[in-house]
Amino acid sequence: MADGSPWPARWRRWKLRFALLAIALAMVVTGWGHVDLNAQGYRRGDVSGEMVPFAPARPLKPKRDLIRGKDGRFWRRLVNDGLHDKYNPDVGKLREPAQTLSKLPGKRDEIGNNVDWVAALRRGYIMPKDRLKPGDKPETRSTDIIMPRTAAMPMVRFPHGAHSEWLDCSNCHDQPFKKEAGAHRINMEDILAGEFCGRCHGSVAFPATDCLRCHSVERNVGTAN
Amino acid sequence: MKRVLLAVVALALISAVAAHAEYGDVVLNDRSEAAGMRPVIFPHWYHRTVYKCRVCHAELGFKMEVGANRISMSDLYYGRFCAECHNGKTAWGIEGNCGRCHSGMTGVPTGVHGRHRTTGPGYW
């Protein structure tokens with residue numbers, strides 16, 4: 001080569017692109033650059049409005065920050081959860097999540113509430129009320145809908161039963177779902193961004209990281225489909 | 001093979017980081033801090049043990065979107081929103097219990113904070 005480099009110019013350009021891509025990927029994977037000031041213990045100064053340290057940023061210490069249930073599941077301690085103000089005199093009147101949730105069935109998955117809410121309701125661990133004011137028993141529906149457009153993943157089973165035990169038809173129909181099987185082009189990106197199923201799964205119902213709870217129907221392996 | 005690849009990619013992107021607040025905690029801070037109160041923390045995890053979603057999101061008409069209800073303290077004094085229950089009969093009332101609702105650290109913005117966090121791009 002004229003400039004003494006062992007690589008042809010064409011390759012050198014590609015090497016740079018590849019390096020940049022690798023760095024970008026590493027940033028995404030390690031969450032580098034994602035700074036959550038509140039979780040780091042910063043709060044807005046009362047006077048200046050700037051973000052000032054509230055407590056020194058500190059790593060999670062299991063003994064101090066977590067409360068463990070008998071079966072190994074654990075929950076954040078209220079005053080150290082990065083959200084509640086521990087100098088609020090009334091914070092002691094609130095319930096610890098661990099106190100209530102450790103009595104409910106569930107597995108230790110460190111995501112969601114560590115609680116299987118469907119089982120908790122069906123097996124009678126909790127008896128949430130259907131209505132506030134007296135009225136008719138709400139409408140339920142028990143059909144399942146199989147959603148097959150899942151690429152290489154198992155198919156999705158949407159159970160109307162588990163949903164209409166908690167929710168009203170109007171929470172889903174006709175926004176965001178039309179009453180018609182197969183009417184929607186749903187993809188995972190939309191769900192993770194909080195649309196369709198992701199409206200609830202990701203903020204209140206079990207989160208979208210529990211892939212196989214939705215993608216629960218195996219395609220017959222080896223047969224044409 | 002394709003599935004293995006997919007699983008690896010999904011795991012790499014979506015490996016769970018311990019969430020901070022309890023999952024489902026909603027912070028309401030559109031007006032509180034500006035008016036000198038701590039932000040409000042609404043715990044879904046507790047309320048869903050005593051009321052089904054439909055009580056709030058259908059019967060009482062809470063919209064399922066953070067901030068969309070534009071709740072203000074005067075609504076509560078007129079018995080709307082939270083005060084349909086927090087009226088001293090169904091659940092403890094407003095007077096003397098400011099700190100139970102207004103319990104957040106200052107500076108925390110409105111949003112679902114117990115939301116599951118991932119290390120993926122943006123706000124998954």
# chains A, B, ... in the order shown; residues from 1 in each chain; ligands from 1
>>> interface_residues(of="chain A", to="chain B", cutoff="8 Å", atoms="only C-alpha atoms", output="PyMOL selection string")
chain A and resi 28-31+38-39+43-44+51+75-76+78+81-85+88-91+93-94+97+100+110-113+126-132+152-153+166-168+170-171+192-193+202-204+207+209
>>> residues_around(residues="Arg185 of chain A", least_positions_apart="6", cutoff="12 Å", atoms="only C-alpha atoms", output="number ranges by chain")
A: 147-150, 176-178, 191, 195-196
>>> atom_distance(atom1="atom CA of Val156 of chain A", atom2="atom CA of Arg123 of chain A")
24.3 Å
>>> atom_distance(atom1="atom CA of Ser32 of chain B", atom2="atom CA of Glu95 of chain B")
16.3 Å
>>> residues_around(residues="Ser142 of chain A", least_positions_apart="2", cutoff="12 Å", atoms="only C-alpha atoms", output="PyMOL selection string")
chain A and resi 139-140+144-145+158-165
>>> write_last_selection(atoms="N, CA and C atoms", output="PDB file, in the first residue's frame")
ATOM      1  N   GLU A 139     -70.086  -7.977  33.044  1.00  0.00           N
ATOM      2  CA  GLU A 139     -70.056  -8.956  31.970  1.00  0.00           C
ATOM      3  C   GLU A 139     -68.670  -9.609  31.897  1.00  0.00           C
ATOM      4  N   THR A 140     -68.652 -10.927  31.718  1.00  0.00           N
ATOM      5  CA  THR A 140     -67.362 -11.581  31.497  1.00  0.00           C
ATOM      6  C   THR A 140     -67.431 -12.379  30.212  1.00  0.00           C
ATOM      7  N   ASP A 144     -60.733 -17.736  24.253  1.00  0.00           N
ATOM      8  CA  ASP A 144     -59.323 -17.419  24.024  1.00  0.00           C
ATOM      9  C   ASP A 144     -59.143 -17.049  22.560  1.00  0.00           C
ATOM     10  N   ILE A 145     -58.177 -16.202  22.275  1.00  0.00           N
ATOM     11  CA  ILE A 145     -57.857 -15.882  20.894  1.00  0.00           C
ATOM     12  C   ILE A 145     -56.399 -16.245  20.664  1.00  0.00           C
ATOM     13  N   PHE A 158     -54.357 -15.118  23.798  1.00  0.00           N
ATOM     14  CA  PHE A 158     -54.962 -14.025  24.564  1.00  0.00           C
ATOM     15  C   PHE A 158     -56.198 -14.571  25.276  1.00  0.00           C
ATOM     16  N   PRO A 159     -56.196 -14.645  26.610  1.00  0.00           N
ATOM     17  CA  PRO A 159     -57.351 -15.183  27.335  1.00  0.00           C
ATOM     18  C   PRO A 159     -58.326 -14.073  27.748  1.00  0.00           C
ATOM     19  N   HIS A 160     -59.547 -14.077  27.131  1.00  0.00           N
ATOM     20  CA  HIS A 160     -60.556 -13.111  27.577  1.00  0.00           C
ATOM     21  C   HIS A 160     -60.931 -13.358  29.044  1.00  0.00           C
ATOM     22  N   GLY A 161     -60.866 -14.632  29.470  1.00  0.00           N
ATOM     23  CA  GLY A 161     -61.254 -14.970  30.837  1.00  0.00           C
ATOM     24  C   GLY A 161     -60.433 -14.221  31.873  1.00  0.00           C
ATOM     25  N   ALA A 162     -59.122 -14.396  31.846  1.00  0.00           N
ATOM     26  CA  ALA A 162     -58.262 -13.761  32.842  1.00  0.00           C
ATOM     27  C   ALA A 162     -58.401 -12.244  32.803  1.00  0.00           C
ATOM     28  N   HIS A 163     -58.718 -11.697  31.620  1.00  0.00           N
ATOM     29  CA  HIS A 163     -58.822 -10.239  31.525  1.00  0.00           C
ATOM     30  C   HIS A 163     -60.160  -9.713  32.010  1.00  0.00           C
ATOM     31  N   SER A 164     -61.268 -10.389  31.616  1.00  0.00           N
ATOM     32  CA  SER A 164     -62.552  -9.790  31.989  1.00  0.00           C
ATOM     33  C   SER A 164     -62.874 -10.040  33.462  1.00  0.00           C
ATOM     34  N   GLU A 165     -62.079 -10.892  34.141  1.00  0.00           N
ATOM     35  CA  GLU A 165     -62.226 -10.962  35.593  1.00  0.00           C
ATOM     36  C   GLU A 165     -61.792  -9.646  36.246  1.00  0.00           C
TER      37      GLU A 165
END
>>> atom_distance(atom1="atom CA of Tyr125 of chain A", atom2="atom CA of Lys89 of chain B")
24.3 Å
>>> decode(residues="segment 20-113 of chain B", atoms="C-alpha atoms", output="short mmCIF file (atom, residue, chain, number, x, y, z; two decimals), in the first residue's frame")
data_model
loop_
_atom_site.label_atom_id
_atom_site.label_comp_id
_atom_site.auth_asym_id
_atom_site.auth_seq_id
_atom_site.Cartn_x
_atom_site.Cartn_y
_atom_site.Cartn_z
CA HIS B 20 -36.68 0.97 41.80
CA ALA B 21 -40.14 1.66 43.11
CA GLU B 22 -42.72 -1.08 43.48
CA TYR B 23 -44.06 -2.11 40.09
CA GLY B 24 -47.13 -0.08 39.11
CA ASP B 25 -46.49 2.95 41.33
CA VAL B 26 -47.80 6.09 39.64
CA VAL B 27 -46.37 9.49 40.54
CA LEU B 28 -48.63 12.52 40.02
CA ASN B 29 -46.64 15.71 40.06
CA ASP B 30 -48.20 18.06 37.52
CA ARG B 31 -49.27 20.51 40.20
CA SER B 32 -48.17 19.28 43.61
CA GLU B 33 -44.59 20.44 43.68
CA ALA B 34 -45.38 23.76 42.04
CA ALA B 35 -47.82 24.31 44.91
CA GLY B 36 -45.26 23.34 47.54
CA MET B 37 -46.42 19.80 48.28
CA ARG B 38 -44.54 16.54 47.80
CA PRO B 39 -45.54 14.62 44.67
CA VAL B 40 -48.42 12.14 45.02
CA ILE B 41 -47.65 8.43 44.85
CA PHE B 42 -50.54 6.20 43.82
CA PRO B 43 -49.78 2.51 44.51
CA HIS B 44 -51.52 0.19 42.02
CA TRP B 45 -50.18 -2.86 43.85
CA TYR B 46 -52.19 -2.05 46.94
CA HIS B 47 -55.40 -0.84 45.31
CA ARG B 48 -55.71 -3.88 43.09
CA THR B 49 -55.85 -6.12 46.14
CA VAL B 50 -59.08 -4.37 47.18
CA TYR B 51 -60.62 -3.15 43.91
CA LYS B 52 -60.56 -4.54 40.41
CA CYS B 53 -59.28 -2.38 37.60
CA ARG B 54 -62.79 -1.84 36.33
CA VAL B 55 -63.88 0.01 39.48
CA CYS B 56 -61.49 2.87 38.79
CA HIS B 57 -60.99 2.61 35.07
CA ALA B 58 -64.63 2.09 34.09
CA GLU B 59 -67.04 2.87 36.93
CA LEU B 60 -65.17 5.92 38.26
CA GLY B 61 -63.88 6.85 34.83
CA PHE B 62 -60.13 7.19 35.48
CA LYS B 63 -58.50 7.27 32.04
CA MET B 64 -55.76 4.65 31.63
CA GLU B 65 -53.05 7.12 30.90
CA VAL B 66 -50.82 8.84 33.37
CA GLY B 67 -51.63 12.52 33.68
CA ALA B 68 -54.69 12.30 31.44
CA ASN B 69 -57.14 12.80 34.28
CA ARG B 70 -55.67 16.13 35.32
CA ILE B 71 -56.65 15.52 38.94
CA SER B 72 -56.47 18.56 41.17
CA MET B 73 -56.99 19.01 44.87
CA SER B 74 -60.22 20.94 44.33
CA ASP B 75 -61.63 17.94 42.43
CA LEU B 76 -60.91 15.91 45.54
CA TYR B 77 -62.60 18.41 47.85
CA TYR B 78 -65.68 18.08 45.61
CA GLY B 79 -65.57 14.30 46.12
CA ARG B 80 -64.27 13.30 42.71
CA PHE B 81 -61.43 10.96 41.67
CA CYS B 82 -59.50 9.64 44.67
CA ALA B 83 -62.04 11.18 47.02
CA GLU B 84 -64.83 8.91 45.73
CA CYS B 85 -63.20 6.47 48.17
CA HIS B 86 -60.89 8.62 50.28
CA ASN B 87 -63.80 10.32 52.00
CA GLY B 88 -63.51 9.02 55.54
CA LYS B 89 -66.06 6.24 54.92
CA THR B 90 -64.79 3.84 52.23
CA ALA B 91 -61.18 4.70 53.08
CA TRP B 92 -59.42 7.32 55.19
CA GLY B 93 -60.31 10.88 54.20
CA ILE B 94 -58.29 13.83 53.03
CA GLU B 95 -58.06 15.93 56.18
CA GLY B 96 -55.00 15.06 58.22
CA ASN B 97 -53.76 12.54 55.68
CA CYS B 98 -51.93 14.84 53.27
CA GLY B 99 -48.68 12.95 53.77
CA ARG B 100 -50.12 9.55 52.88
CA CYS B 101 -50.82 10.64 49.32
CA HIS B 102 -48.21 13.40 49.05
CA SER B 103 -45.36 11.08 49.94
CA GLY B 104 -42.83 11.34 47.08
CA MET B 105 -39.36 12.82 46.90
CA THR B 106 -39.37 16.25 45.33
CA GLY B 107 -38.20 16.39 41.75
CA VAL B 108 -39.79 13.12 40.69
CA PRO B 109 -41.76 13.74 37.49
CA THR B 110 -45.26 12.46 36.68
CA GLY B 111 -45.19 8.91 35.32
CA VAL B 112 -45.33 5.20 36.10
CA HIS B 113 -42.23 4.74 38.18
#
